[in-house]
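A.B. asks: This is run.txt (compact mmCIF, C-alpha atoms).
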```
# COMPACT_ATOMS: atom_id res chain seq x y z
CA GLU A 812 -18.74 40.20 8.21
CA GLN A 813 -19.59 41.33 4.66
CA GLY A 814 -18.46 44.89 5.35
CA ALA A 815 -21.80 46.53 6.17
CA ARG A 816 -21.41 49.56 8.40
CA GLU A 817 -24.98 50.86 8.57
CA LEU A 818 -28.16 48.96 9.38
CA TYR A 819 -31.42 50.39 8.06
CA LEU A 820 -34.63 49.06 9.60
CA VAL A 821 -37.56 49.25 7.20
CA SER A 822 -41.19 48.21 7.70
CA GLU A 823 -44.66 49.52 7.05
CA ASN A 824 -44.85 50.73 10.66
CA SER A 825 -41.69 50.28 12.71
CA THR A 826 -43.28 51.50 15.94
CA SER A 827 -45.53 48.41 15.82
CA TYR A 828 -42.49 46.17 16.33
CA GLY A 829 -43.15 43.96 19.36
CA LYS A 830 -46.90 44.55 19.64
CA ASP A 831 -47.53 40.90 18.80
CA LEU A 832 -45.39 40.02 21.82
CA GLY A 833 -47.54 42.10 24.15
CA GLN A 834 -45.22 45.09 24.30
CA GLY A 835 -46.55 48.61 23.83
CA ALA A 836 -45.92 50.76 20.78
CA GLY A 837 -42.23 51.50 20.42
CA ARG A 838 -41.16 49.64 23.56
CA ALA A 839 -39.46 46.74 21.79
CA LEU A 840 -37.82 49.16 19.36
CA GLU A 841 -36.38 51.12 22.28
CA GLU A 842 -34.63 47.94 23.41
CA LEU A 843 -33.63 46.71 19.95
CA LEU A 844 -31.85 49.82 18.65
CA PRO A 845 -29.09 49.98 21.31
CA ARG A 846 -28.49 46.23 20.90
CA LEU A 847 -28.01 46.60 17.16
CA ALA A 848 -25.77 49.64 17.62
CA GLY A 849 -23.61 47.57 19.95
CA ILE A 850 -22.77 44.95 17.29
CA ASP A 851 -19.06 44.94 16.56
CA GLY A 852 -18.33 46.67 13.25
CA ILE A 853 -21.70 48.44 12.97
CA ARG A 854 -21.19 52.18 13.03
CA ARG A 855 -24.72 53.45 12.47
CA VAL A 856 -28.29 52.19 12.85
CA ARG A 857 -31.34 54.05 11.53
CA VAL A 858 -35.01 53.25 11.51
CA SER A 859 -37.74 54.30 9.09
CA TYR A 860 -41.53 54.67 9.05
CA LEU A 861 -42.41 55.82 12.54
CA GLN A 862 -46.05 56.55 13.32
CA PRO A 863 -46.19 60.00 14.94
CA ALA A 864 -48.84 58.97 17.49
CA GLU A 865 -46.61 56.09 18.62
CA THR A 866 -43.32 58.00 18.67
CA ARG A 867 -43.34 58.45 22.43
CA PRO A 868 -40.81 60.40 24.54
CA ASP A 869 -38.75 57.32 25.51
CA LEU A 870 -38.38 56.28 21.86
CA VAL A 871 -37.42 59.84 20.90
CA LYS A 872 -34.76 59.76 23.63
CA VAL A 873 -33.31 56.45 22.42
CA ILE A 874 -33.12 57.55 18.77
CA ALA A 875 -31.84 61.03 19.57
CA SER A 876 -29.19 60.19 22.15
CA THR A 877 -27.98 56.58 21.79
CA ALA A 878 -24.42 56.31 20.48
CA GLY A 879 -24.47 54.57 17.11
CA VAL A 880 -28.15 55.23 16.46
CA ALA A 881 -28.69 57.93 13.83
CA PRO A 882 -30.77 60.85 15.12
CA TYR A 883 -33.10 60.33 12.19
CA PHE A 884 -36.88 60.47 12.28
CA ASP A 885 -38.85 59.22 9.28
CA LEU A 886 -42.31 60.23 10.46
CA SER A 887 -45.43 59.16 8.61
CA PHE A 888 -47.42 62.39 8.82
CA GLN A 889 -49.31 62.03 5.49
CA HIS A 890 -51.14 65.36 6.01
CA ALA A 891 -51.57 68.11 8.59
CA SER A 892 -55.32 68.68 8.63
CA GLY A 893 -56.86 66.97 11.64
CA PRO A 894 -60.28 66.32 10.04
CA LEU A 895 -58.70 64.93 6.87
CA LEU A 896 -56.36 62.69 8.89
CA ARG A 897 -59.41 61.29 10.75
CA ARG A 898 -60.89 60.54 7.34
CA MET A 899 -57.69 58.64 6.55
CA ARG A 900 -58.10 56.74 9.84
CA ARG A 901 -55.00 58.41 11.17
CA PHE A 902 -54.27 60.46 14.27
CA GLY A 903 -52.76 63.88 14.83
CA ASP A 904 -52.90 67.36 13.39
CA ALA A 905 -50.53 70.22 12.63
CA ARG A 906 -50.21 71.36 16.25
CA ARG A 907 -49.50 67.89 17.61
CA PHE A 908 -46.98 67.24 14.85
CA LEU A 909 -45.16 70.52 15.51
CA ASP A 910 -45.04 69.69 19.22
CA LEU A 911 -43.43 66.34 18.38
CA LEU A 912 -40.85 68.04 16.16
CA GLU A 913 -40.06 70.46 18.98
CA ARG A 914 -39.49 67.57 21.41
CA ILE A 915 -37.19 65.86 18.91
CA ARG A 916 -35.12 69.00 18.35
CA GLU A 917 -34.85 69.64 22.07
CA ARG A 918 -33.06 66.29 22.30
CA ALA A 919 -31.15 66.50 19.00
CA PRO A 920 -31.14 69.97 17.39
CA GLU A 921 -29.56 68.66 14.16
CA ALA A 922 -31.72 65.55 13.82
CA GLY A 923 -32.75 64.54 10.34
CA ILE A 924 -36.52 64.58 9.88
CA ARG A 925 -38.42 63.50 6.77
CA SER A 926 -42.00 62.69 5.87
CA ASN A 927 -44.36 61.98 2.99
CA PHE A 928 -47.66 63.68 2.24
CA ILE A 929 -50.71 62.77 0.19
CA VAL A 930 -52.67 65.55 -1.53
CA GLY A 931 -56.03 65.24 -3.19
CA PHE A 932 -57.44 62.67 -0.76
CA PRO A 933 -61.25 62.49 -1.08
CA GLY A 934 -62.79 65.44 0.75
CA GLU A 935 -59.61 67.53 0.89
CA THR A 936 -60.72 71.16 0.89
CA GLU A 937 -58.82 74.31 -0.03
CA GLU A 938 -58.58 74.99 3.71
CA ASP A 939 -57.07 71.55 4.34
CA PHE A 940 -54.52 72.11 1.60
CA ALA A 941 -53.64 75.56 2.94
CA GLU A 942 -53.13 74.09 6.40
CA LEU A 943 -50.74 71.52 4.98
CA LYS A 944 -48.70 74.22 3.25
CA GLY A 945 -48.56 76.27 6.43
CA PHE A 946 -47.42 73.26 8.41
CA LEU A 947 -44.57 72.52 6.00
CA GLU A 948 -43.37 76.12 6.15
CA GLU A 949 -43.15 75.87 9.92
CA ALA A 950 -41.89 72.29 10.27
CA ARG A 951 -38.42 72.70 8.65
CA LEU A 952 -38.25 69.11 7.41
CA ASP A 953 -35.11 67.88 5.68
CA VAL A 954 -36.98 65.83 3.10
CA ILE A 955 -40.58 66.12 1.92
CA GLY A 956 -42.17 63.52 -0.32
CA VAL A 957 -45.33 64.58 -2.18
CA PHE A 958 -47.80 62.14 -3.72
CA GLY A 959 -51.18 62.59 -5.34
CA TYR A 960 -54.08 60.44 -4.25
CA SER A 961 -55.15 57.70 -6.64
CA ASP A 962 -57.96 55.17 -6.29
CA GLU A 963 -57.01 51.64 -5.38
CA GLU A 964 -59.62 48.92 -5.36
CA GLY A 965 -60.05 47.19 -2.04
CA THR A 966 -59.26 50.27 0.06
CA GLU A 967 -61.83 52.07 2.15
CA ALA A 968 -61.16 55.35 0.35
CA TYR A 969 -62.08 53.75 -2.97
CA GLY A 970 -65.74 54.06 -1.99
CA PHE A 971 -65.54 57.53 -0.47
CA PRO A 972 -67.62 60.38 -1.91
CA ASP A 973 -66.21 63.87 -2.55
CA LYS A 974 -63.50 62.68 -4.93
CA LEU A 975 -61.36 65.47 -6.38
CA ASP A 976 -60.94 65.64 -10.13
CA GLN A 977 -57.54 64.68 -11.50
CA ASP A 978 -56.71 68.20 -12.69
CA THR A 979 -57.15 69.54 -9.15
CA ILE A 980 -55.00 66.77 -7.71
CA ASP A 981 -52.28 67.40 -10.28
CA GLU A 982 -52.32 71.14 -9.59
CA ARG A 983 -51.97 70.58 -5.86
CA VAL A 984 -49.16 68.07 -6.34
CA ALA A 985 -47.28 70.56 -8.52
CA GLU A 986 -47.82 73.43 -6.08
CA LEU A 987 -46.81 71.45 -3.01
CA SER A 988 -43.82 69.89 -4.79
CA ALA A 989 -42.51 73.34 -5.73
CA LEU A 990 -42.92 74.51 -2.13
CA ALA A 991 -41.23 71.33 -0.87
CA ASP A 992 -38.22 71.86 -3.15
CA GLU A 993 -37.83 75.40 -1.87
CA LEU A 994 -38.15 74.38 1.78
CA MET A 995 -35.74 71.46 1.46
CA ALA A 996 -33.15 73.72 -0.16
CA GLN A 997 -33.56 76.21 2.69
CA ARG A 998 -33.12 73.47 5.26
CA ALA A 999 -29.94 72.28 3.55
CA GLU A 1000 -28.61 75.84 3.59
CA GLU A 1001 -29.28 75.98 7.34
CA ARG A 1002 -26.86 73.11 7.78
CA ILE A 1003 -23.93 75.00 6.24
CA GLY A 1004 -21.33 75.48 8.95
CA THR A 1005 -22.46 72.47 11.00
CA GLU A 1006 -20.35 69.41 11.70
CA LEU A 1007 -21.35 66.20 9.95
CA GLU A 1008 -20.50 62.55 10.52
CA ILE A 1009 -20.35 61.15 7.00
CA LEU A 1010 -20.38 57.54 5.88
CA ILE A 1011 -18.27 57.38 2.70
CA GLU A 1012 -20.01 55.41 -0.06
CA GLU A 1013 -18.15 56.18 -3.30
CA ASP A 1014 -14.79 57.46 -4.47
CA LEU A 1015 -15.50 60.10 -7.16
CA GLY A 1016 -11.87 60.55 -8.08
CA ASP A 1017 -9.72 63.70 -7.95
CA GLY A 1018 -9.94 63.75 -4.15
CA GLY A 1019 -13.73 63.84 -4.03
CA TYR A 1020 -16.07 61.36 -2.38
CA GLU A 1021 -19.79 60.85 -2.00
CA GLY A 1022 -21.39 59.85 1.27
CA ARG A 1023 -24.27 60.39 3.63
CA ALA A 1024 -24.48 62.27 6.90
CA ALA A 1025 -26.41 60.94 9.88
CA HIS A 1026 -29.49 62.94 8.86
CA GLN A 1027 -29.63 61.32 5.39
CA GLY A 1028 -31.20 57.95 4.69
CA PRO A 1029 -29.99 55.89 1.73
CA GLU A 1030 -31.29 56.68 -1.77
CA VAL A 1031 -34.09 59.04 -0.71
CA ASP A 1032 -32.62 61.91 1.32
CA GLY A 1033 -29.81 63.46 -0.70
CA THR A 1034 -26.08 63.00 -0.30
CA VAL A 1035 -22.91 64.83 0.71
CA THR A 1036 -20.02 65.52 -1.66
CA VAL A 1037 -16.91 65.31 0.49
CA GLN A 1038 -13.83 67.37 -0.32
CA GLY A 1039 -10.40 67.59 1.23
CA GLY A 1040 -9.96 63.92 2.05
CA SER A 1041 -7.24 61.57 0.91
CA GLY A 1042 -7.33 57.80 0.69
CA LEU A 1043 -10.83 57.49 2.05
CA ARG A 1044 -12.64 54.19 1.56
CA PRO A 1045 -16.30 53.21 1.25
CA GLY A 1046 -17.54 52.24 4.70
CA GLN A 1047 -15.29 54.74 6.45
CA ILE A 1048 -16.91 57.42 8.63
CA VAL A 1049 -15.29 60.86 8.67
CA GLN A 1050 -15.93 64.12 10.45
CA ALA A 1051 -16.53 67.07 8.14
CA VAL A 1052 -18.03 70.55 8.05
CA ALA A 1053 -20.78 71.50 5.62
CA VAL A 1054 -19.51 74.30 3.37
CA GLY A 1055 -22.20 74.48 0.68
CA SER A 1056 -25.47 73.10 -0.60
CA GLU A 1057 -27.21 72.38 -3.87
CA GLY A 1058 -30.88 71.68 -3.42
CA VAL A 1059 -31.18 68.98 -0.79
CA ASP A 1060 -27.54 67.87 -1.24
CA LEU A 1061 -24.59 69.19 0.74
CA VAL A 1062 -20.92 69.83 0.10
CA ALA A 1063 -18.57 69.25 3.05
CA ARG A 1064 -14.88 69.50 3.77
CA VAL A 1065 -13.12 66.90 5.90
CA LYS A 1066 -11.91 68.25 9.23
CA ALA A 1067 -8.13 68.30 9.71
CA GLY A 1068 -6.82 65.25 11.52
CA THR A 1069 -9.68 62.92 10.55
```
Would you mind giving the structure from this file in structure tokens?
C.D. replies:
Amino acid sequence: EQGARELYLVSENSTSYGKDLGQGAGRALEELLPRLAGIDGIRRVRVSYLQPAETRPDLVKVIASTAGVAPYFDLSFQHASGPLLRRMRRFGDARRFLDLLERIRERAPEAGIRSNFIVGFPGETEEDFAELKGFLEEARLDVIGVFGYSDEEGTEAYGFPDKLDQDTIDERVAELSALADELMAQRAEERIGTELEILIEEDLGDGGYEGRAAHQGPEVDGTVTVQGGSGLRPGQIVQAVAVGSEGVDLVARVKAGT
């Protein structure tokens, strides 16, 4: 009623939705997303912060193939080294994560996929760091967030041995961030020539607009500069073709007749 066209579900762990009601991981979310997408006036629903171990095939199917649900997977990988992830009390490893990405892209080849990673966690070895870099090179993620570990009182890791010195953490953050920028730019280039469904958010003047495609979450995933439109309005969704890229951002031209 207030003009919203996209709903964005945010939580610390969205795949836990419904566990307190006795439903398994992701089950309640599988039912909720189509219901939200069916609300009159809502054009797009997206969900963030999915735990990879709980992103099961049925949930992948719902997100990837339900009309009105953005094929968008914000997966909380955090790292790619299995032993280091166990130390973080997390599940998975590079191979399992790549298998999940393959299953997602089998359902939705152009799905948007993002994740964040922590470097310098206590006990992270050069081999762990190398495995993370190798994983990112293979994963083809749209957006990669890089953060350096820092102590926080009250957490289990605060008392861990094998802390890395700050210079090492900073070096690894800088190295991984540079790699991430390169990989994100490559992924954006791969999207040139593809069709995009863009939610218009701002009129830039002179026939230009700014918006987001289905693979882009708000504020964190880049934007699309839209050319060739006339009289477009914020909240409108248009079909366009990507014709260029600049870093993680895209340039697109509105398709004739839309």
A.B. asks: For a test of reading the model, state the distance in Å between atom CA of Leu895 of chain A and atom CA of Thr826 of chain A, rounded to one decimal.
C.D. replies: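 If I compute the distance from atom CA of Leu895 of chain A to atom CA of Thr826 of chain A, I get 22.4 Å.
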A.B. asks: Which polymer residues have any atom within 6 Å of an atom of segment 953-958 of chain A, counting all atoms listed in the file, with same-chain residues fewer than 5 positions away left out, as a list of chain:residue names?
C.D. replies: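 In the requested format, the answer is A:Ile924, A:Arg925, A:Ser926, A:Asn927, A:Phe928, A:Ile929, A:Ala991, A:Met995, A:Arg998.
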A.B. asks: When you count only C-alpha atoms, which of these residues is closest to Arg916 of chain A: A:Tyr1020, A:Tyr969, A:Phe946, A:Phe884?
C.D. replies: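 Among A:Tyr1020, A:Tyr969, A:Phe946, A:Phe884, it is A:Phe884 that comes nearest to Arg916 of chain A.
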A.B. asks: Point out the residue among A:Arg898, A:Arg983, A:Arg846, A:Arg1064 with the least atom-to-atom distance to Gly1022 of chain A, counting all atoms listed in the file.
C.D. replies: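 When distances to Gly1022 of chain A are compared using all atoms listed in the file, the smallest one comes from A:Arg1064.
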A.B. asks: Please identify all polymer residues within 10 Å of Arg854 of chain A, counting all atoms listed in the file, omitting same-chain residues fewer than 3 positions from it, and present them as a PDB file with C-alpha atoms, in the coordinates of the input.
C.D. replies:
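Result file follows (part_6.pdb):
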```pdb
ATOM      1  CA  ALA A 815     -21.800  46.530   6.170  1.00  0.00           C
ATOM      2  CA  ARG A 816     -21.410  49.560   8.400  1.00  0.00           C
ATOM      3  CA  GLU A 817     -24.980  50.860   8.570  1.00  0.00           C
ATOM      4  CA  LEU A 818     -28.160  48.960   9.380  1.00  0.00           C
ATOM      5  CA  LEU A 847     -28.010  46.600  17.160  1.00  0.00           C
ATOM      6  CA  ALA A 848     -25.770  49.640  17.620  1.00  0.00           C
ATOM      7  CA  GLY A 849     -23.610  47.570  19.950  1.00  0.00           C
ATOM      8  CA  ILE A 850     -22.770  44.950  17.290  1.00  0.00           C
ATOM      9  CA  ASP A 851     -19.060  44.940  16.560  1.00  0.00           C
ATOM     10  CA  ALA A 878     -24.420  56.310  20.480  1.00  0.00           C
ATOM     11  CA  GLY A 879     -24.470  54.570  17.110  1.00  0.00           C
ATOM     12  CA  VAL A 880     -28.150  55.230  16.460  1.00  0.00           C
ATOM     13  CA  ALA A 881     -28.690  57.930  13.830  1.00  0.00           C
ATOM     14  CA  LEU A1010     -20.380  57.540   5.880  1.00  0.00           C
ATOM     15  CA  GLY A1046     -17.540  52.240   4.700  1.00  0.00           C
ATOM     16  CA  GLN A1047     -15.290  54.740   6.450  1.00  0.00           C
ATOM     17  CA  ILE A1048     -16.910  57.420   8.630  1.00  0.00           C
TER      18      ILE A1048
END
```
A.B. asks: Identify which of the residues A:Leu1007, A:Ala1024, A:Leu844, A:Ile874 lies closest to Lys1066 of chain A, counting all atoms listed in the file when measuring atom-to-atom distances.
C.D. replies: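 The shortest atom-to-atom distance to Lys1066 of chain A comes from A:Leu1007.
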A.B. asks: Could you check how far atom CA of Val1037 of chain A sits from atom CA of Ile1003 of chain A, in Å to one decimal?
C.D. replies: 13.3 Å
A.B. asks: For atom CA of Ser827 of chain A and atom CA of Ser892 of chain A, quote the distance in Å rounded to one decimal.
C.D. replies: 23.6 Å
A.B. asks: Residues at most 8 Å from segment 936-941 of chain A, counting all atoms listed in the file, excluding those fewer than 2 positions away in the same chain, as JSON, numbers by chain?
C.D. replies: {"A": [891, 892, 895, 930, 934, 943, 944, 945]}
A.B. asks: Take the residues just selected and output them with C-alpha atoms as a PDB file, keeping the file's coordinate frame.
C.D. replies:
```pdb
ATOM      1  CA  ALA A 891     -51.570  68.110   8.590  1.00  0.00           C
ATOM      2  CA  SER A 892     -55.320  68.680   8.630  1.00  0.00           C
ATOM      3  CA  LEU A 895     -58.700  64.930   6.870  1.00  0.00           C
ATOM      4  CA  VAL A 930     -52.670  65.550  -1.530  1.00  0.00           C
ATOM      5  CA  GLY A 934     -62.790  65.440   0.750  1.00  0.00           C
ATOM      6  CA  LEU A 943     -50.740  71.520   4.980  1.00  0.00           C
ATOM      7  CA  LYS A 944     -48.700  74.220   3.250  1.00  0.00           C
ATOM      8  CA  GLY A 945     -48.560  76.270   6.430  1.00  0.00           C
TER       9      GLY A 945
END
```
